[in-house]
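Engineer: Okay, so here is query35.tsv, and as you'll see once you scroll down, it has TSV, C-alpha atoms and all ligand atoms.
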chain	number	residue	atom	x	y	z
A	235	MET	CA	3.97	20.64	-1.00
A	236	PRO	CA	4.23	16.85	-1.22
A	237	LYS	CA	3.35	14.83	1.86
A	238	VAL	CA	5.26	11.76	3.01
A	239	LEU	CA	3.30	9.30	5.14
A	240	ALA	CA	5.58	7.00	7.15
A	241	GLN	CA	5.39	5.26	10.52
A	242	GLY	CA	2.29	7.21	11.50
A	243	LYS	CA	3.71	10.61	10.62
A	244	THR	CA	2.70	13.01	7.87
A	245	ILE	CA	5.69	15.02	6.73
A	246	GLU	CA	5.52	17.91	4.26
A	247	CYS	CA	8.55	18.50	2.08
A	248	VAL	CA	9.72	20.39	-0.98
A	249	SER	CA	9.28	18.58	-4.30
A	250	LYS	CA	12.41	16.61	-5.30
A	251	SER	CA	13.50	16.20	-1.67
A	252	ASN	CA	15.59	13.13	-0.97
A	253	LEU	CA	13.33	10.59	0.69
A	254	ARG	CA	16.02	9.14	3.00
A	255	THR	CA	16.91	12.59	4.29
A	256	ILE	CA	13.27	13.49	4.94
A	257	LEU	CA	12.63	10.26	6.84
A	258	LEU	CA	15.74	10.54	9.02
A	259	GLN	CA	15.20	14.24	9.77
A	260	ASN	CA	11.74	13.36	11.07
A	261	GLY	CA	12.74	10.50	13.33
A	262	ILE	CA	11.48	7.63	11.19
A	263	ASP	CA	13.08	4.27	12.08
A	264	LEU	CA	14.54	3.76	8.65
A	265	TYR	CA	17.07	1.04	9.40
A	266	ASN	CA	16.54	-2.39	10.93
A	267	ASP	CA	18.79	-4.06	13.49
A	268	GLY	CA	22.54	-3.64	12.84
A	269	ALA	CA	21.87	-1.53	9.76
A	270	LYS	CA	21.24	1.35	12.15
A	271	VAL	CA	25.02	1.42	12.64
A	272	ILE	CA	26.32	-0.26	9.49
A	273	ASN	CA	25.00	1.51	6.41
A	274	CYS	CA	26.49	3.61	3.63
A	275	ARG	CA	24.93	6.88	4.88
A	276	GLY	CA	23.03	7.35	1.64
A	277	ILE	CA	25.83	6.84	-0.86
A	278	GLY	CA	23.76	4.15	-2.50
A	279	SER	CA	25.91	1.05	-2.07
A	280	CYS	CA	24.49	-0.91	0.87
A	281	GLY	CA	20.77	-1.25	0.16
A	282	THR	CA	19.74	-1.23	3.83
A	283	CYS	CA	17.40	1.73	3.37
A	284	ALA	CA	15.05	-0.26	1.12
A	285	VAL	CA	11.38	0.55	1.52
A	286	LYS	CA	8.19	0.11	-0.44
A	287	VAL	CA	7.04	3.46	-1.80
A	288	GLU	CA	3.60	4.08	-3.24
A	289	SER	CA	2.88	7.04	-5.53
A	290	GLU	CA	4.89	9.86	-7.03
A	291	ILE	CA	8.66	9.43	-6.89
A	292	SER	CA	11.58	9.78	-9.27
A	293	ALA	CA	12.44	6.93	-11.62
A	294	ALA	CA	14.96	4.42	-10.31
A	295	ASN	CA	18.45	5.64	-11.19
A	296	TRP	CA	21.40	3.45	-12.20
A	297	ARG	CA	22.66	3.11	-8.61
A	298	ASP	CA	19.27	1.91	-7.44
A	299	ARG	CA	18.94	-0.58	-10.29
A	300	ALA	CA	22.53	-1.80	-9.83
A	301	ARG	CA	22.19	-2.43	-6.08
A	302	ARG	CA	18.76	-4.00	-6.39
A	303	SER	CA	20.15	-6.42	-8.97
A	304	LEU	CA	22.27	-8.00	-6.19
A	305	PRO	CA	20.95	-10.30	-3.41
A	306	PRO	CA	19.13	-10.10	-1.15
A	307	HIS	CA	17.35	-7.48	-3.25
A	308	SER	CA	15.91	-8.17	-6.67
A	309	LEU	CA	14.82	-6.09	-9.61
A	310	THR	CA	11.53	-8.00	-9.56
A	311	THR	CA	10.49	-6.70	-6.14
A	312	ASN	CA	8.86	-3.33	-5.61
A	313	LEU	CA	11.36	-2.17	-2.99
A	314	LEU	CA	13.34	0.98	-3.60
A	315	ARG	CA	16.40	2.32	-1.88
A	316	ASN	CA	15.12	5.60	-0.64
A	317	SER	CA	18.58	7.17	-0.54
A	318	GLN	CA	18.27	7.33	-4.33
A	319	THR	CA	14.66	8.48	-4.45
A	320	GLN	CA	13.22	11.97	-4.85
A	321	VAL	CA	9.74	12.81	-3.62
A	322	LEU	CA	7.66	14.27	-6.46
A	323	GLY	CA	4.18	14.07	-4.93
A	324	ASP	CA	2.34	12.55	-1.98
A	325	VAL	CA	3.89	9.19	-1.07
A	326	LYS	CA	3.21	6.33	1.33
A	327	VAL	CA	6.17	4.42	2.75
A	328	THR	CA	6.27	0.90	4.22
A	329	LYS	CA	9.30	-0.75	5.85
A	330	PHE	CA	9.84	-4.52	5.89
A	331	ASP	CA	12.02	-6.63	8.18
A	332	GLY	CA	15.48	-8.02	7.53
A	333	PHE	CA	18.89	-6.34	7.68
A	334	TRP	CA	18.36	-4.85	4.21
A	335	GLY	CA	14.62	-4.36	4.69
A	336	GLN	CA	14.14	-7.17	2.22
A	337	GLY	CA	11.85	-9.36	4.37
A	338	SER	CA	8.17	-10.16	4.03
A	339	ARG	CA	7.03	-9.01	7.49
A	340	ILE	CA	5.97	-5.38	7.81
A	341	VAL	CA	7.90	-3.38	10.42
A	342	TRP	CA	5.86	-0.20	9.99
A	343	THR	CA	3.37	1.22	7.53
A	344	PRO	CA	2.37	4.73	6.46
A	345	LYS	CA	-0.12	4.76	9.35
A	346	GLY	CA	2.17	3.48	12.07
A	401	LIG	S1	21.77	3.94	3.01
A	401	LIG	FE1	22.96	2.66	1.77
A	401	LIG	S2	21.81	2.42	-0.04
A	401	LIG	FE2	20.58	3.71	1.22
Let me see the file written as structure tokens.
Structural biologist:
Amino acid sequence: MPKVLAQGKTIECVSKSNLRTILLQNGIDLYNDGAKVINCRGIGSCGTCAVKVESEISAANWRDRARRSLPPHSLTTNLLRNSQTQVLGDVKVTKFDGFWGQGSRIVWTPKG
């Protein structure tokens, strides 16, 4: 079973699990500031669930590419919206600051 490392937790999940769902079900602080209340609940339109993901995940789908093409996100950054991401193998997740998680300061890492 794939393992997700996020905010100091190691979470096992079934392959192709939705990353956003796994993180929220395991108490990971996925959203920053007001995005905890104002977000699209995983529909894929807001972009506030953006995280950096290392390792085996599904390819970015059209919703992910479309939202990341709009500010403050960018297609040139390595942030993904995890509501559109499937876990395919062991992954490490890092969250950055900013309403959309688009900042440069790390909020939490895979280790905590
Ligand atoms: S929660 Fe809105 S795009 Fe992920």
Engineer: Skip Tyr265 in chain A itself and residues of its chain fewer than 6 positions away, then list as an MDAnalysis selection string all residues within 8 Å of it, counting all atoms listed in the file.
Structural biologist: chainID A and resid 282:283 333:335
Engineer: Using Å and a single decimal, report how far CA of Val285 in chain A sits from CA of Ile245 in chain A.
Structural biologist: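 Taking CA of Ile245 in chain A and CA of Val285 in chain A, their separation equals 16.4 Å.
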Engineer: Could you give me, as CSV, every chain A residue with an atom at most 6 Å from ligand LIG 401 (chain A), plus its closest atom pair and distance in Å to one decimal, counting only C-alpha atoms and all ligand atoms, rows ordered by chain then number?
Structural biologist:
residue,atom,partner,partner_atom,distance
A:Asn273,CA,A:LIG401,FE1,5.2
A:Cys274,CA,A:LIG401,FE1,4.1
A:Arg275,CA,A:LIG401,S1,4.7
A:Gly276,CA,A:LIG401,S1,3.9
A:Ile277,CA,A:LIG401,FE1,5.7
A:Gly278,CA,A:LIG401,S2,3.6
A:Ser279,CA,A:LIG401,S2,4.8
A:Cys280,CA,A:LIG401,FE1,4.0
A:Gly281,CA,A:LIG401,S2,3.8
A:Thr282,CA,A:LIG401,FE1,5.5
A:Cys283,CA,A:LIG401,FE2,4.3
A:Arg315,CA,A:LIG401,FE2,5.4
A:Ser317,CA,A:LIG401,FE2,4.4
Engineer: So the first atom is CA of Gln259 in chain A and the second is CA of Ser303 in chain A; what is the distance between them in Å, to one decimal place?
Structural biologist: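 CA of Ser303 in chain A lies 28.3 Å from CA of Gln259 in chain A.
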Engineer: I'd like to know which of A:Ala269, A:Ile256, A:Leu264, A:Ala284 is closest to His307 in chain A, using all atoms listed in the file.
Structural biologist: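 Of the candidates, the smallest distance to His307 in chain A is held by A:Ala284.
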Engineer: What does the distance between CA of Ser292 in chain A and CA of Ser338 in chain A come to in Å, to one decimal place?
Structural biologist: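 Going from CA of Ser292 in chain A over to CA of Ser338 in chain A covers 24.2 Å.
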Engineer: Residues around (13.0, 11.0, -13.1), cut-off 10 Å, counting all atoms listed in the file - what are they as a list in words?
Structural biologist: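 Using all atoms listed in the file, the matching residues come out as Lys250, Ile291, Ser292, Ala293, Ala294, Asn295, Thr319, Gln320 and Leu322 of chain A.
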Engineer: For Lys286 in chain A, please output as a PyMOL selection string all residues within 10 Å (counting all atoms listed in the file; exclusion window: fewer than 3 positions along the same chain).
Structural biologist: chain A and resi 311-316+326-330+335-336+343
Engineer: Export, as a PDB file, in the coordinates of the input, the selected residues with C-alpha atoms.
Structural biologist:
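Final output, saved to again-v1.pdb:
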ATOM      1  CA  THR A 311      10.490  -6.700  -6.140  1.00  0.00           C
ATOM      2  CA  ASN A 312       8.860  -3.330  -5.610  1.00  0.00           C
ATOM      3  CA  LEU A 313      11.360  -2.170  -2.990  1.00  0.00           C
ATOM      4  CA  LEU A 314      13.340   0.980  -3.600  1.00  0.00           C
ATOM      5  CA  ARG A 315      16.400   2.320  -1.880  1.00  0.00           C
ATOM      6  CA  ASN A 316      15.120   5.600  -0.640  1.00  0.00           C
ATOM      7  CA  LYS A 326       3.210   6.330   1.330  1.00  0.00           C
ATOM      8  CA  VAL A 327       6.170   4.420   2.750  1.00  0.00           C
ATOM      9  CA  THR A 328       6.270   0.900   4.220  1.00  0.00           C
ATOM     10  CA  LYS A 329       9.300  -0.750   5.850  1.00  0.00           C
ATOM     11  CA  PHE A 330       9.840  -4.520   5.890  1.00  0.00           C
ATOM     12  CA  GLY A 335      14.620  -4.360   4.690  1.00  0.00           C
ATOM     13  CA  GLN A 336      14.140  -7.170   2.220  1.00  0.00           C
ATOM     14  CA  THR A 343       3.370   1.220   7.530  1.00  0.00           C
TER      15      THR A 343
END
Engineer: Can you tell me which residues surround Ser249 in chain A at a distance of at most 10 Å, considering all atoms listed in the file, apart from same-chain residues fewer than 3 positions away, and format the answer as a list in words?
Structural biologist: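 In the requested form, the answer reads Met235, Pro236, Lys237, Glu246, Asn252, Ile291, Gln320, Val321, Leu322, Gly323 and Asp324 of chain A.
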Engineer: Hey, which of A:Val341, A:Gly332, A:Arg254, A:Gln318 ends up closest to Ala300 in chain A? Count all atoms listed in the file.
Structural biologist: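 Of all the options, A:Gln318 lies closest to Ala300 in chain A.
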Engineer: Measuring atom to atom with all atoms listed in the file, identify which of A:Gly268, A:Ile262, A:Leu253, A:Val325 is nearest to Gly346 in chain A.
Structural biologist: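 Once distances to Gly346 in chain A are computed over all atoms listed in the file, the minimum belongs to A:Ile262.
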Engineer: Can you give me N, CA and C atoms for range 270-290 of chain A, written as a short mmCIF file (atom, residue, chain, number, x, y, z; two decimals), in the frame of the given file?
Structural biologist:
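The resulting file, result26.cif, is reproduced below:
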data_model
loop_
_atom_site.label_atom_id
_atom_site.label_comp_id
_atom_site.auth_asym_id
_atom_site.auth_seq_id
_atom_site.Cartn_x
_atom_site.Cartn_y
_atom_site.Cartn_z
N LYS A 270 21.29 0.02 11.55
CA LYS A 270 21.24 1.35 12.15
C LYS A 270 22.65 1.91 12.31
N VAL A 271 23.63 1.01 12.46
CA VAL A 271 25.02 1.42 12.64
C VAL A 271 25.82 1.22 11.35
N ILE A 272 25.56 0.09 10.70
CA ILE A 272 26.32 -0.26 9.49
C ILE A 272 25.47 0.01 8.27
N ASN A 273 25.65 1.17 7.68
CA ASN A 273 25.00 1.51 6.41
C ASN A 273 25.88 2.52 5.69
N CYS A 274 25.61 2.76 4.44
CA CYS A 274 26.49 3.61 3.63
C CYS A 274 26.20 5.09 3.75
N ARG A 275 25.29 5.47 4.64
CA ARG A 275 24.93 6.88 4.88
C ARG A 275 24.37 7.56 3.63
N GLY A 276 23.72 6.77 2.79
CA GLY A 276 23.03 7.35 1.64
C GLY A 276 23.83 7.41 0.36
N ILE A 277 25.02 6.83 0.36
CA ILE A 277 25.83 6.84 -0.86
C ILE A 277 25.16 6.01 -1.95
N GLY A 278 24.49 4.96 -1.53
CA GLY A 278 23.76 4.15 -2.50
C GLY A 278 24.35 2.78 -2.72
N SER A 279 25.25 2.33 -1.84
CA SER A 279 25.91 1.05 -2.07
C SER A 279 25.43 -0.10 -1.19
N CYS A 280 24.79 0.19 -0.06
CA CYS A 280 24.49 -0.91 0.87
C CYS A 280 23.11 -1.53 0.68
N GLY A 281 22.13 -0.73 0.38
CA GLY A 281 20.77 -1.25 0.16
C GLY A 281 19.96 -1.44 1.42
N THR A 282 20.47 -1.01 2.58
CA THR A 282 19.74 -1.23 3.83
C THR A 282 18.57 -0.27 4.03
N CYS A 283 18.47 0.74 3.23
CA CYS A 283 17.40 1.73 3.37
C CYS A 283 16.19 1.37 2.51
N ALA A 284 16.14 0.15 2.01
CA ALA A 284 15.05 -0.26 1.12
C ALA A 284 13.70 -0.15 1.79
N VAL A 285 12.76 0.41 1.07
CA VAL A 285 11.38 0.55 1.52
C VAL A 285 10.46 0.35 0.32
N LYS A 286 9.20 0.12 0.60
CA LYS A 286 8.19 0.11 -0.44
C LYS A 286 7.59 1.51 -0.48
N VAL A 287 7.55 2.11 -1.66
CA VAL A 287 7.04 3.46 -1.80
C VAL A 287 5.89 3.45 -2.80
N GLU A 288 4.75 3.98 -2.36
CA GLU A 288 3.60 4.08 -3.24
C GLU A 288 3.42 5.54 -3.66
N SER A 289 3.25 5.75 -4.93
CA SER A 289 2.88 7.04 -5.53
C SER A 289 4.05 7.74 -6.18
N GLU A 290 4.06 9.07 -6.13
CA GLU A 290 4.89 9.86 -7.03
C GLU A 290 6.33 10.03 -6.54
#
